[in-house]
>>> print(open('data.cif').read())   # mmCIF, C-alpha atoms
data_entry
loop_
_atom_site.label_atom_id
_atom_site.label_comp_id
_atom_site.auth_asym_id
_atom_site.auth_seq_id
_atom_site.Cartn_x
_atom_site.Cartn_y
_atom_site.Cartn_z
CA MET G 23 -60.45 17.11 -8.87
CA THR G 24 -59.01 15.87 -5.58
CA GLU G 25 -55.96 17.71 -4.33
CA ALA G 26 -54.17 15.42 -1.88
CA VAL G 27 -52.13 17.56 0.46
CA THR G 28 -49.96 15.73 2.97
CA VAL G 29 -47.43 17.38 5.25
CA SER G 30 -44.64 16.00 7.38
CA GLU G 31 -44.33 16.80 11.05
CA GLY G 32 -43.62 20.45 11.74
CA VAL G 33 -43.84 21.57 8.11
CA PRO G 34 -46.95 23.62 7.24
CA ALA G 35 -48.74 22.52 4.07
CA THR G 36 -48.43 26.03 2.65
CA ALA G 37 -50.09 25.38 -0.70
CA GLY G 38 -52.83 23.25 0.80
CA LEU G 39 -53.56 25.67 3.62
CA ALA G 40 -53.73 28.57 1.16
CA ALA G 41 -56.09 26.63 -1.13
CA ALA G 42 -58.32 25.67 1.79
CA ALA G 43 -58.40 29.22 3.14
CA ALA G 44 -59.23 30.63 -0.31
CA THR G 45 -62.06 28.13 -0.70
CA ILE G 46 -63.49 29.01 2.71
CA ARG G 47 -63.34 32.75 1.98
CA ALA G 48 -65.02 32.24 -1.42
CA LEU G 49 -67.93 30.28 0.07
CA ALA G 50 -68.18 32.00 3.46
CA THR G 51 -71.52 33.64 2.58
CA GLY G 52 -73.05 30.28 1.69
CA ARG G 53 -74.13 27.23 3.65
CA VAL G 54 -71.16 25.71 5.48
CA LEU G 55 -71.48 22.26 7.06
CA LEU G 56 -68.86 20.87 9.44
CA ILE G 57 -68.87 17.10 10.00
CA CYS G 58 -66.84 14.83 12.27
CA HIS G 59 -66.94 11.07 12.62
CA VAL G 60 -69.53 8.79 14.16
CA ASN G 61 -69.24 8.35 17.95
CA PRO G 62 -67.13 11.52 18.19
CA ASP G 63 -64.19 11.66 20.56
CA GLY G 64 -62.42 14.69 22.02
CA ASP G 65 -60.32 15.39 18.95
CA ALA G 66 -63.23 15.10 16.53
CA LEU G 67 -65.56 17.35 18.55
CA GLY G 68 -62.89 19.72 19.81
CA SER G 69 -61.33 20.30 16.39
CA MET G 70 -64.71 20.78 14.72
CA LEU G 71 -66.16 23.12 17.34
CA GLY G 72 -62.96 25.11 17.75
CA PHE G 73 -62.77 25.62 14.01
CA GLY G 74 -66.47 26.42 13.86
CA LEU G 75 -66.03 29.14 16.46
CA GLY G 76 -63.19 30.51 14.35
CA LEU G 77 -65.44 30.62 11.28
CA ARG G 78 -68.08 32.39 13.35
CA ARG G 79 -65.48 35.02 14.21
CA LEU G 80 -64.90 35.46 10.49
CA GLY G 81 -68.58 36.25 10.07
CA VAL G 82 -69.71 32.95 8.55
CA ALA G 83 -73.44 32.94 9.27
CA GLY G 84 -74.87 29.87 7.52
CA LEU G 85 -72.91 27.46 9.71
CA GLN G 86 -73.81 24.06 11.14
CA ALA G 87 -71.80 21.30 12.79
CA THR G 88 -72.91 17.67 13.02
CA PHE G 89 -71.90 14.02 13.18
CA PRO G 90 -73.58 10.77 12.11
CA GLY G 91 -75.47 8.49 14.45
CA PRO G 92 -77.32 9.21 17.70
CA PHE G 93 -77.18 12.87 18.70
CA GLU G 94 -75.49 12.35 22.06
CA ILE G 95 -72.61 14.40 23.45
CA PRO G 96 -70.30 12.36 25.72
CA GLU G 97 -70.46 13.79 29.24
CA PRO G 98 -66.74 14.75 29.38
CA PHE G 99 -67.36 17.12 26.44
CA ALA G 100 -70.76 18.46 27.52
CA GLU G 101 -69.31 21.84 28.52
CA LEU G 102 -67.27 22.52 25.39
CA PRO G 103 -67.75 25.98 23.90
CA GLY G 104 -69.54 26.01 20.57
CA LEU G 105 -72.05 23.25 21.31
CA ASP G 106 -74.78 25.57 20.01
CA LEU G 107 -73.37 25.00 16.51
CA LEU G 108 -74.37 21.33 16.67
CA VAL G 109 -77.43 19.86 15.01
CA ALA G 110 -78.56 16.25 14.68
CA GLU G 111 -77.75 14.59 11.36
CA GLU G 112 -81.38 14.71 10.21
CA GLN G 113 -81.32 18.50 10.67
CA ALA G 114 -78.05 19.01 8.80
CA GLU G 115 -78.12 21.07 5.63
CA ALA G 116 -78.97 18.75 2.73
CA ASP G 117 -77.27 20.82 0.01
CA PRO G 118 -74.34 22.70 1.57
CA ASP G 119 -72.05 24.93 -0.43
CA LEU G 120 -69.02 23.85 1.56
CA VAL G 121 -68.39 20.74 3.64
CA ILE G 122 -65.41 20.59 6.02
CA VAL G 123 -64.71 17.20 7.58
CA PHE G 124 -62.70 16.64 10.77
CA ASP G 125 -60.76 13.61 12.01
CA VAL G 126 -62.21 11.28 9.37
CA ALA G 127 -59.93 8.89 7.50
CA ALA G 128 -62.54 7.33 5.21
CA VAL G 129 -66.01 8.18 3.90
CA SER G 130 -67.46 5.17 5.73
CA ARG G 131 -66.96 7.06 9.01
CA LEU G 132 -69.52 9.66 7.85
CA GLY G 133 -72.48 7.28 7.84
CA GLU G 134 -75.66 8.79 6.41
CA LEU G 135 -73.92 12.17 6.04
CA ALA G 136 -71.57 10.92 3.34
CA ASP G 137 -73.92 12.13 0.59
CA ARG G 138 -73.23 15.75 1.59
CA LEU G 139 -69.79 15.43 0.00
CA SER G 140 -71.18 14.88 -3.49
CA ARG G 141 -73.79 17.61 -3.09
CA ALA G 142 -71.40 20.34 -1.93
CA ARG G 143 -69.67 22.79 -4.24
CA ALA G 144 -66.39 22.20 -2.39
CA THR G 145 -65.07 19.82 0.27
CA ILE G 146 -62.13 20.06 2.66
CA ALA G 147 -60.83 17.37 5.02
CA LEU G 148 -58.69 18.06 8.09
CA ASP G 149 -57.12 14.92 9.49
CA HIS G 150 -54.01 13.27 10.96
CA HIS G 151 -54.57 9.60 10.13
CA ALA G 152 -51.95 7.98 7.91
CA SER G 153 -54.72 5.74 6.56
CA ASN G 154 -56.69 8.72 5.18
CA THR G 155 -58.06 7.86 1.72
CA GLY G 156 -57.98 11.40 0.32
CA PHE G 157 -61.73 11.57 -0.29
CA ALA G 158 -62.19 15.37 -0.20
CA GLY G 159 -61.49 18.06 -2.75
CA ILE G 160 -58.71 19.44 -0.56
CA ASN G 161 -57.15 17.03 1.92
CA LEU G 162 -55.09 18.60 4.71
CA VAL G 163 -53.69 15.38 6.17
CA ASP G 164 -50.72 15.60 8.53
CA ALA G 165 -49.81 12.09 9.67
CA GLY G 166 -47.12 13.60 11.88
CA ALA G 167 -49.63 15.67 13.84
CA ALA G 168 -50.68 14.42 17.27
CA ALA G 169 -54.29 15.47 16.69
CA THR G 170 -56.54 16.92 14.01
CA SER G 171 -56.67 20.05 16.14
CA VAL G 172 -53.05 20.73 15.12
CA VAL G 173 -54.17 20.99 11.50
CA ALA G 174 -57.24 23.02 12.51
CA GLU G 175 -55.08 25.56 14.34
CA GLU G 176 -52.80 25.92 11.31
CA LEU G 177 -55.76 26.61 9.05
CA LEU G 178 -57.24 29.11 11.50
CA ARG G 179 -53.89 30.91 11.48
CA GLU G 180 -53.91 30.91 7.66
CA LEU G 181 -57.39 32.46 7.80
CA GLY G 182 -56.13 35.16 10.17
CA VAL G 183 -58.34 34.06 13.08
CA PRO G 184 -56.68 34.83 16.44
CA LEU G 185 -57.08 32.37 19.28
CA ASP G 186 -59.49 33.27 22.05
CA ALA G 187 -60.29 31.31 25.21
CA GLU G 188 -63.28 29.48 23.69
CA ILE G 189 -61.50 28.37 20.51
CA ALA G 190 -58.45 27.45 22.57
CA GLU G 191 -60.45 25.31 25.02
CA CYS G 192 -61.89 23.22 22.19
CA LEU G 193 -58.49 22.74 20.55
CA TYR G 194 -56.84 21.99 23.90
CA VAL G 195 -59.37 19.27 24.73
CA ALA G 196 -58.75 17.78 21.29
CA LEU G 197 -54.99 17.86 21.75
CA ALA G 198 -55.04 16.53 25.31
CA THR G 199 -57.37 13.62 24.54
CA ASP G 200 -55.49 12.38 21.48
CA THR G 201 -52.15 12.54 23.29
CA GLY G 202 -53.50 10.74 26.35
CA SER G 203 -53.08 13.87 28.44
CA PHE G 204 -49.65 14.42 26.85
CA ARG G 205 -48.37 10.89 27.65
CA PHE G 206 -48.29 9.18 24.25
CA ASP G 207 -45.39 8.93 21.78
CA MET G 208 -46.86 11.66 19.56
CA THR G 209 -46.29 14.21 22.32
CA THR G 210 -43.56 16.18 20.56
CA PRO G 211 -42.10 19.67 21.10
CA ARG G 212 -44.63 20.82 18.51
CA VAL G 213 -47.44 19.57 20.77
CA HIS G 214 -46.17 21.39 23.84
CA GLU G 215 -45.63 24.57 21.84
CA MET G 216 -49.24 24.47 20.67
CA ALA G 217 -50.46 23.70 24.19
CA ALA G 218 -48.55 26.74 25.44
CA ARG G 219 -50.27 28.98 22.87
CA LEU G 220 -53.66 27.65 23.91
CA ILE G 221 -53.02 27.95 27.66
CA ALA G 222 -51.81 31.53 27.12
CA THR G 223 -55.40 32.52 26.26
CA GLY G 224 -56.35 31.96 29.90
CA LEU G 225 -57.27 28.29 30.02
CA ARG G 226 -57.24 26.36 33.29
CA PRO G 227 -55.70 22.99 32.34
CA GLY G 228 -56.36 21.41 35.73
CA GLU G 229 -60.07 22.17 35.58
CA ILE G 230 -60.33 20.89 32.00
CA SER G 231 -58.43 17.71 32.84
CA ARG G 232 -60.64 16.95 35.84
CA ARG G 233 -63.73 17.36 33.67
CA VAL G 234 -62.44 15.35 30.70
CA PHE G 235 -60.25 12.66 32.29
CA ASP G 236 -61.08 12.38 35.97
CA SER G 237 -64.86 12.49 36.25
CA ARG G 238 -66.99 9.40 35.67
CA PRO G 239 -70.33 8.21 37.09
CA PHE G 240 -70.23 5.57 39.82
CA GLY G 241 -72.08 3.21 37.48
CA ALA G 242 -69.29 3.57 34.92
CA MET G 243 -66.77 2.44 37.53
CA LYS G 244 -68.89 -0.62 38.34
CA LEU G 245 -69.27 -1.40 34.64
CA SER G 246 -65.49 -1.15 34.17
CA ALA G 247 -65.01 -3.67 36.97
CA ASP G 248 -67.28 -6.15 35.19
CA VAL G 249 -65.52 -5.70 31.86
CA LEU G 250 -62.02 -5.92 33.30
CA SER G 251 -62.95 -9.11 35.14
CA ARG G 252 -63.46 -10.75 31.73
CA ALA G 253 -60.02 -9.85 30.39
CA GLN G 254 -58.06 -12.70 28.85
CA LEU G 255 -54.30 -12.95 28.39
CA ASP G 256 -52.89 -14.51 25.22
CA PRO G 257 -49.08 -14.53 25.61
CA THR G 258 -48.39 -16.29 22.28
CA ALA G 259 -50.22 -13.78 20.07
CA ALA G 260 -48.28 -11.38 17.82
CA ALA G 261 -45.33 -13.75 17.49
CA GLY G 262 -44.94 -13.95 21.26
CA HIS G 263 -45.37 -10.24 22.00
CA GLY G 264 -48.70 -11.13 23.57
CA MET G 265 -52.24 -9.77 23.59
CA VAL G 266 -54.84 -8.95 26.24
CA TRP G 267 -58.49 -8.52 25.35
CA THR G 268 -61.93 -8.05 26.81
CA TYR G 269 -65.41 -7.05 25.71
CA ALA G 270 -68.39 -4.94 26.82
CA THR G 271 -72.03 -5.53 25.90
CA LEU G 272 -75.18 -3.47 25.59
CA ASP G 273 -76.47 -5.43 28.58
CA ASP G 274 -73.55 -4.06 30.61
CA LEU G 275 -74.63 -0.53 29.75
CA GLU G 276 -78.24 -1.20 30.62
CA ARG G 277 -77.41 -3.01 33.87
CA HIS G 278 -75.36 -0.08 35.14
CA GLY G 279 -77.50 2.65 33.57
CA GLN G 280 -74.68 4.07 31.46
CA ARG G 281 -74.37 5.74 28.07
CA PRO G 282 -72.09 4.22 25.39
CA TYR G 283 -69.39 6.89 25.73
CA VAL G 284 -68.19 5.37 29.02
CA LEU G 285 -66.89 2.38 27.07
CA ASP G 286 -64.32 4.52 25.26
CA ALA G 287 -62.14 4.77 28.37
CA LEU G 288 -61.92 0.99 28.85
CA ILE G 289 -58.90 0.65 26.60
CA ASP G 290 -56.73 2.63 29.04
CA PRO G 291 -56.56 0.13 31.93
CA VAL G 292 -56.38 -2.78 29.48
CA ARG G 293 -53.38 -1.41 27.56
CA CYS G 294 -51.45 -1.03 30.82
CA VAL G 295 -50.98 -4.81 31.21
CA ALA G 296 -47.21 -5.28 31.51
CA GLU G 297 -46.93 -8.78 30.06
CA VAL G 298 -48.18 -7.98 26.54
CA ASP G 299 -47.75 -5.55 23.67
CA VAL G 300 -51.22 -5.64 22.12
CA SER G 301 -54.51 -4.70 23.80
CA VAL G 302 -58.00 -5.07 22.36
CA VAL G 303 -61.39 -3.95 23.65
CA VAL G 304 -64.53 -5.09 21.82
CA LYS G 305 -67.61 -2.90 22.47
CA GLN G 306 -71.08 -3.96 21.35
CA LEU G 307 -72.97 -1.66 18.99
CA ALA G 308 -75.81 -3.98 18.00
CA GLU G 309 -76.58 -7.69 17.63
CA ARG G 310 -73.30 -9.25 16.40
CA GLU G 311 -71.79 -5.81 15.67
CA TRP G 312 -68.83 -4.46 17.66
CA ALA G 313 -66.59 -1.38 17.77
CA VAL G 314 -63.03 -2.61 18.27
CA SER G 315 -60.26 -0.54 19.85
CA LEU G 316 -56.68 -1.65 19.15
CA ARG G 317 -53.48 -0.54 20.87
CA SER G 318 -49.81 -1.55 20.61
CA LYS G 319 -46.77 -0.56 22.65
CA GLY G 320 -44.59 -0.69 19.56
CA ALA G 321 -44.39 -4.23 18.20
CA VAL G 322 -47.38 -4.16 15.82
CA ASP G 323 -48.64 -1.63 13.26
CA MET G 324 -52.22 -1.37 14.44
CA SER G 325 -53.20 0.93 11.58
CA ALA G 326 -52.33 -1.83 9.12
CA VAL G 327 -54.23 -4.39 11.20
CA ALA G 328 -57.29 -2.14 11.31
CA VAL G 329 -57.16 -1.38 7.57
CA ALA G 330 -56.99 -5.11 6.83
CA LEU G 331 -60.19 -5.51 8.87
CA GLY G 332 -62.02 -2.57 7.31
CA GLY G 333 -61.00 0.23 9.67
CA GLY G 334 -58.08 2.59 10.14
CA GLY G 335 -56.15 4.75 12.56
CA HIS G 336 -52.58 5.26 13.69
CA ARG G 337 -49.62 2.95 13.99
CA LEU G 338 -50.09 2.33 17.71
CA ALA G 339 -53.81 3.14 18.07
CA ALA G 340 -56.52 2.13 15.63
CA GLY G 341 -59.95 0.57 15.33
CA PHE G 342 -62.56 -1.07 13.13
CA THR G 343 -66.09 -2.45 13.19
CA GLY G 344 -66.27 -6.23 13.63
CA TYR G 345 -69.09 -8.74 13.26
CA GLY G 346 -69.89 -12.01 15.00
CA THR G 347 -69.19 -12.98 18.58
CA PRO G 348 -66.47 -11.23 20.63
CA GLY G 349 -64.31 -14.34 20.32
CA GLU G 350 -64.69 -14.37 16.53
CA VAL G 351 -63.81 -10.69 16.29
CA VAL G 352 -60.69 -11.14 18.44
CA SER G 353 -59.66 -14.21 16.43
CA ALA G 354 -59.73 -12.07 13.30
CA VAL G 355 -57.47 -9.55 15.03
CA ARG G 356 -55.09 -12.26 16.23
CA ASP G 357 -54.79 -13.68 12.72
CA GLU G 358 -53.61 -10.30 11.41
CA LEU G 359 -51.09 -9.40 14.11
CA GLU G 360 -48.13 -11.39 12.79
CA ASN G 361 -48.68 -9.92 9.31
CA HIS G 362 -47.99 -6.42 10.58
CA LEU G 363 -45.11 -6.63 13.05
CA ILE G 364 -42.93 -3.53 13.17
CA PRO G 365 -39.31 -4.36 12.34
#
>>> encode(input="data.cif", output="structure tokens")
Amino acid sequence: MTEAVTVSEGVPATAGLAAAAATIRALATGRVLLICHVNPDGDALGSMLGFGLGLRRLGVAGLQATFPGPFEIPEPFAELPGLDLLVAEEQAEADPDLVIVFDVAAVSRLGELADRLSRARATIALDHHASNTGFAGINLVDAGAAATSVVAEELLRELGVPLDAEIAECLYVALATDTGSFRFDMTTPRVHEMAARLIATGLRPGEISRRVFDSRPFGAMKLSADVLSRAQLDPTAAAGHGMVWTYATLDDLERHGQRPYVLDALIDPVRCVAEVDVSVVVKQLAEREWAVSLRSKGAVDMSAVAVALGGGGHRLAAGFTGYGTPGEVVSAVRDELENHLIP
């Protein structure tokens, strides 16, 4: 039976954390599979690997971590501790005793790994998306948390796992990426308090930031120039709050010799356009299939827009998978914006 556990900002989900910790202890000698979402970002990988290192410290031996889709680690995260826990999805345990899922709001984000949920004896989800569907046996969902790593740290504390430099680095990368290097609205006192605990283990934030935020191949810079040159301004969208959008293709990646992860950073320069509230970047996955990143400065509930289009996320940052041409995908977004204005 699903136990939906939701906590408000700053309030530990005591009952849920205790239930999750008891489940982990009961199944610690079995096969434990950690899963994060397709095309993993810093929070997904950092939360999963940091927690995995914590389980290793507890003596959990039958431990794997994985994610659906191509087994590629984005270059900014290629030096994270705990990468040796990772296996490709086809090598992931078929019949785990325990599945723990990180930063996943809906089963669809698990791809071909979704069947592990029904095969496991127990399932736990750690997440911070308000759109989470409560698909696991125990759902630790804190919509007030800036990152899933906040929930992961709370559960590690419940398990009695002390922070060390390797666990802390993973959780710090997760926290820093999902707060935009501590610039976004979710950067609360709670976030800085957690960052302080992590840094106290001996981290070097400047070195981590240079690796994660400030290091890109020359080809990625050239690709960004191409994509930004296509940007279009739509000042009448979202009831006059305005929208800017652009798109990137598989041909762009091939032309500049880049891996798909470089496209994830494209939303940052686009969302900085002063004249509009909404920003959209459409990134090609396959023929007529696109990953869509949505951002708002406060006028539109992007989570609601994304859910209406089959995705999910947060109020000001969300996404979904769209189909058709880039123009058709953006038209679908535009049609939803006025339905989800924030009062």
>>> residues_around(input="data.cif", residues="Glu360 in chain G", least_positions_apart="3", cutoff="9 Å", atoms="only C-alpha atoms", output="list in words")
Ala259, Ala260, Ala261, Val322, Arg356, Asp357 and Leu363 of chain G
>>> closest_residue(input="data.cif", among="G:Val129, G:Ala152, G:Ala147, G:Leu107", to="Gly335 in chain G", atoms="all atoms listed in the file")
G:Ala152
>>> closest_residue(input="data.cif", among="G:His214, G:Arg53, G:Arg219, G:His59", to="Ser130 in chain G", atoms="all atoms listed in the file")
G:His59
>>> residues_around(input="data.cif", residues="Pro291 in chain G", least_positions_apart="3", cutoff="10 Å", atoms="only C-alpha atoms", output="PyMOL selection string")
chain G and resi 246+250+287-288+294-295+301
>>> atom_distance(input="data.cif", atom1="CA of Arg143 in chain G", atom2="CA of Ala169 in chain G")
27.0 Å
>>> residues_around(input="data.cif", residues="range 41-45 of chain G", least_positions_apart="5", cutoff="8 Å", atoms="all atoms listed in the file", output="VMD selection string")
chain G and resid 144 146 160 177 180 to 181
>>> atom_distance(input="data.cif", atom1="CA of Thr258 in chain G", atom2="CA of Ala328 in chain G")
20.0 Å
>>> resolve_selection(input="data.cif", expression="the PyMOL selection byres ((chain G and resi 175) around 10)", output="number ranges by chain")
G: 69, 72-73, 76, 170-174, 176-181, 183-185, 189-190, 193, 216, 220
>>> closest_residue(input="data.cif", among="G:Leu255, G:Ala187, G:Leu67, G:Val249", to="Phe99 in chain G", atoms="only C-alpha atoms")
G:Leu67
>>> decode(input="data.cif", residues="range 249-279 of chain G", atoms="N, CA and C atoms", output="PDB file, in the first residue's frame")
ATOM      1  N   VAL G 249      22.520  28.257 -31.659  1.00  0.00           N
ATOM      2  CA  VAL G 249      21.183  28.108 -31.094  1.00  0.00           C
ATOM      3  C   VAL G 249      20.621  29.454 -30.653  1.00  0.00           C
ATOM      4  N   LEU G 250      21.436  30.272 -30.033  1.00  0.00           N
ATOM      5  CA  LEU G 250      20.968  31.578 -29.576  1.00  0.00           C
ATOM      6  C   LEU G 250      20.638  32.496 -30.747  1.00  0.00           C
ATOM      7  N   SER G 251      21.309  32.292 -31.874  1.00  0.00           N
ATOM      8  CA  SER G 251      21.019  33.131 -33.043  1.00  0.00           C
ATOM      9  C   SER G 251      19.624  32.865 -33.600  1.00  0.00           C
ATOM     10  N   ARG G 252      19.026  31.729 -33.239  1.00  0.00           N
ATOM     11  CA  ARG G 252      17.680  31.393 -33.705  1.00  0.00           C
ATOM     12  C   ARG G 252      16.579  31.895 -32.767  1.00  0.00           C
ATOM     13  N   ALA G 253      16.942  32.433 -31.654  1.00  0.00           N
ATOM     14  CA  ALA G 253      15.942  32.806 -30.640  1.00  0.00           C
ATOM     15  C   ALA G 253      14.908  33.763 -31.209  1.00  0.00           C
ATOM     16  N   GLN G 254      13.664  33.543 -30.804  1.00  0.00           N
ATOM     17  CA  GLN G 254      12.565  34.391 -31.263  1.00  0.00           C
ATOM     18  C   GLN G 254      11.826  34.972 -30.060  1.00  0.00           C
ATOM     19  N   LEU G 255      11.465  36.247 -30.179  1.00  0.00           N
ATOM     20  CA  LEU G 255      10.775  36.967 -29.111  1.00  0.00           C
ATOM     21  C   LEU G 255       9.297  37.054 -29.444  1.00  0.00           C
ATOM     22  N   ASP G 256       8.461  36.697 -28.475  1.00  0.00           N
ATOM     23  CA  ASP G 256       7.008  36.743 -28.643  1.00  0.00           C
ATOM     24  C   ASP G 256       6.430  37.572 -27.498  1.00  0.00           C
ATOM     25  N   PRO G 257       6.371  38.892 -27.645  1.00  0.00           N
ATOM     26  CA  PRO G 257       5.984  39.759 -26.519  1.00  0.00           C
ATOM     27  C   PRO G 257       4.523  39.645 -26.106  1.00  0.00           C
ATOM     28  N   THR G 258       3.662  39.070 -26.929  1.00  0.00           N
ATOM     29  CA  THR G 258       2.240  38.991 -26.582  1.00  0.00           C
ATOM     30  C   THR G 258       1.865  37.695 -25.875  1.00  0.00           C
ATOM     31  N   ALA G 259       2.785  36.730 -25.816  1.00  0.00           N
ATOM     32  CA  ALA G 259       2.491  35.459 -25.160  1.00  0.00           C
ATOM     33  C   ALA G 259       2.265  35.654 -23.668  1.00  0.00           C
ATOM     34  N   ALA G 260       1.612  34.683 -23.038  1.00  0.00           N
ATOM     35  CA  ALA G 260       1.357  34.704 -21.595  1.00  0.00           C
ATOM     36  C   ALA G 260       0.664  35.988 -21.160  1.00  0.00           C
ATOM     37  N   ALA G 261      -0.378  36.338 -21.905  1.00  0.00           N
ATOM     38  CA  ALA G 261      -1.176  37.531 -21.584  1.00  0.00           C
ATOM     39  C   ALA G 261      -0.318  38.792 -21.521  1.00  0.00           C
ATOM     40  N   GLY G 262       0.662  38.881 -22.420  1.00  0.00           N
ATOM     41  CA  GLY G 262       1.505  40.063 -22.492  1.00  0.00           C
ATOM     42  C   GLY G 262       2.751  40.022 -21.651  1.00  0.00           C
ATOM     43  N   HIS G 263       2.950  38.943 -20.883  1.00  0.00           N
ATOM     44  CA  HIS G 263       4.191  38.813 -20.108  1.00  0.00           C
ATOM     45  C   HIS G 263       5.365  38.437 -21.010  1.00  0.00           C
ATOM     46  N   GLY G 264       5.058  37.864 -22.162  1.00  0.00           N
ATOM     47  CA  GLY G 264       6.086  37.617 -23.158  1.00  0.00           C
ATOM     48  C   GLY G 264       6.813  36.289 -23.015  1.00  0.00           C
ATOM     49  N   MET G 265       7.322  35.812 -24.152  1.00  0.00           N
ATOM     50  CA  MET G 265       8.046  34.543 -24.211  1.00  0.00           C
ATOM     51  C   MET G 265       9.196  34.660 -25.202  1.00  0.00           C
ATOM     52  N   VAL G 266      10.314  34.022 -24.883  1.00  0.00           N
ATOM     53  CA  VAL G 266      11.420  33.870 -25.816  1.00  0.00           C
ATOM     54  C   VAL G 266      11.683  32.382 -25.970  1.00  0.00           C
ATOM     55  N   TRP G 267      11.990  31.956 -27.209  1.00  0.00           N
ATOM     56  CA  TRP G 267      12.223  30.529 -27.403  1.00  0.00           C
ATOM     57  C   TRP G 267      13.256  30.292 -28.490  1.00  0.00           C
ATOM     58  N   THR G 268      13.867  29.120 -28.412  1.00  0.00           N
ATOM     59  CA  THR G 268      14.789  28.685 -29.452  1.00  0.00           C
ATOM     60  C   THR G 268      14.839  27.167 -29.446  1.00  0.00           C
ATOM     61  N   TYR G 269      15.607  26.599 -30.366  1.00  0.00           N
ATOM     62  CA  TYR G 269      15.665  25.143 -30.449  1.00  0.00           C
ATOM     63  C   TYR G 269      17.066  24.700 -30.855  1.00  0.00           C
ATOM     64  N   ALA G 270      17.382  23.446 -30.512  1.00  0.00           N
ATOM     65  CA  ALA G 270      18.666  22.838 -30.885  1.00  0.00           C
ATOM     66  C   ALA G 270      18.392  21.468 -31.482  1.00  0.00           C
ATOM     67  N   THR G 271      19.136  21.107 -32.522  1.00  0.00           N
ATOM     68  CA  THR G 271      18.898  19.858 -33.236  1.00  0.00           C
ATOM     69  C   THR G 271      20.047  18.864 -33.048  1.00  0.00           C
ATOM     70  N   LEU G 272      19.775  17.623 -33.438  1.00  0.00           N
ATOM     71  CA  LEU G 272      20.834  16.618 -33.440  1.00  0.00           C
ATOM     72  C   LEU G 272      21.922  16.981 -34.441  1.00  0.00           C
ATOM     73  N   ASP G 273      21.548  17.657 -35.512  1.00  0.00           N
ATOM     74  CA  ASP G 273      22.547  18.119 -36.485  1.00  0.00           C
ATOM     75  C   ASP G 273      23.499  19.127 -35.846  1.00  0.00           C
ATOM     76  N   ASP G 274      22.971  19.978 -34.949  1.00  0.00           N
ATOM     77  CA  ASP G 274      23.841  20.926 -34.246  1.00  0.00           C
ATOM     78  C   ASP G 274      24.905  20.181 -33.450  1.00  0.00           C
ATOM     79  N   LEU G 275      24.475  19.138 -32.746  1.00  0.00           N
ATOM     80  CA  LEU G 275      25.425  18.350 -31.958  1.00  0.00           C
ATOM     81  C   LEU G 275      26.479  17.709 -32.846  1.00  0.00           C
ATOM     82  N   GLU G 276      26.040  17.121 -33.932  1.00  0.00           N
ATOM     83  CA  GLU G 276      26.988  16.455 -34.830  1.00  0.00           C
ATOM     84  C   GLU G 276      27.947  17.453 -35.473  1.00  0.00           C
ATOM     85  N   ARG G 277      27.419  18.594 -35.890  1.00  0.00           N
ATOM     86  CA  ARG G 277      28.252  19.593 -36.572  1.00  0.00           C
ATOM     87  C   ARG G 277      29.377  20.099 -35.675  1.00  0.00           C
ATOM     88  N   HIS G 278      29.082  20.224 -34.389  1.00  0.00           N
ATOM     89  CA  HIS G 278      30.084  20.754 -33.459  1.00  0.00           C
ATOM     90  C   HIS G 278      30.749  19.658 -32.619  1.00  0.00           C
ATOM     91  N   GLY G 279      30.417  18.394 -32.912  1.00  0.00           N
ATOM     92  CA  GLY G 279      31.066  17.283 -32.220  1.00  0.00           C
ATOM     93  C   GLY G 279      30.793  17.247 -30.737  1.00  0.00           C
TER      94      GLY G 279
END
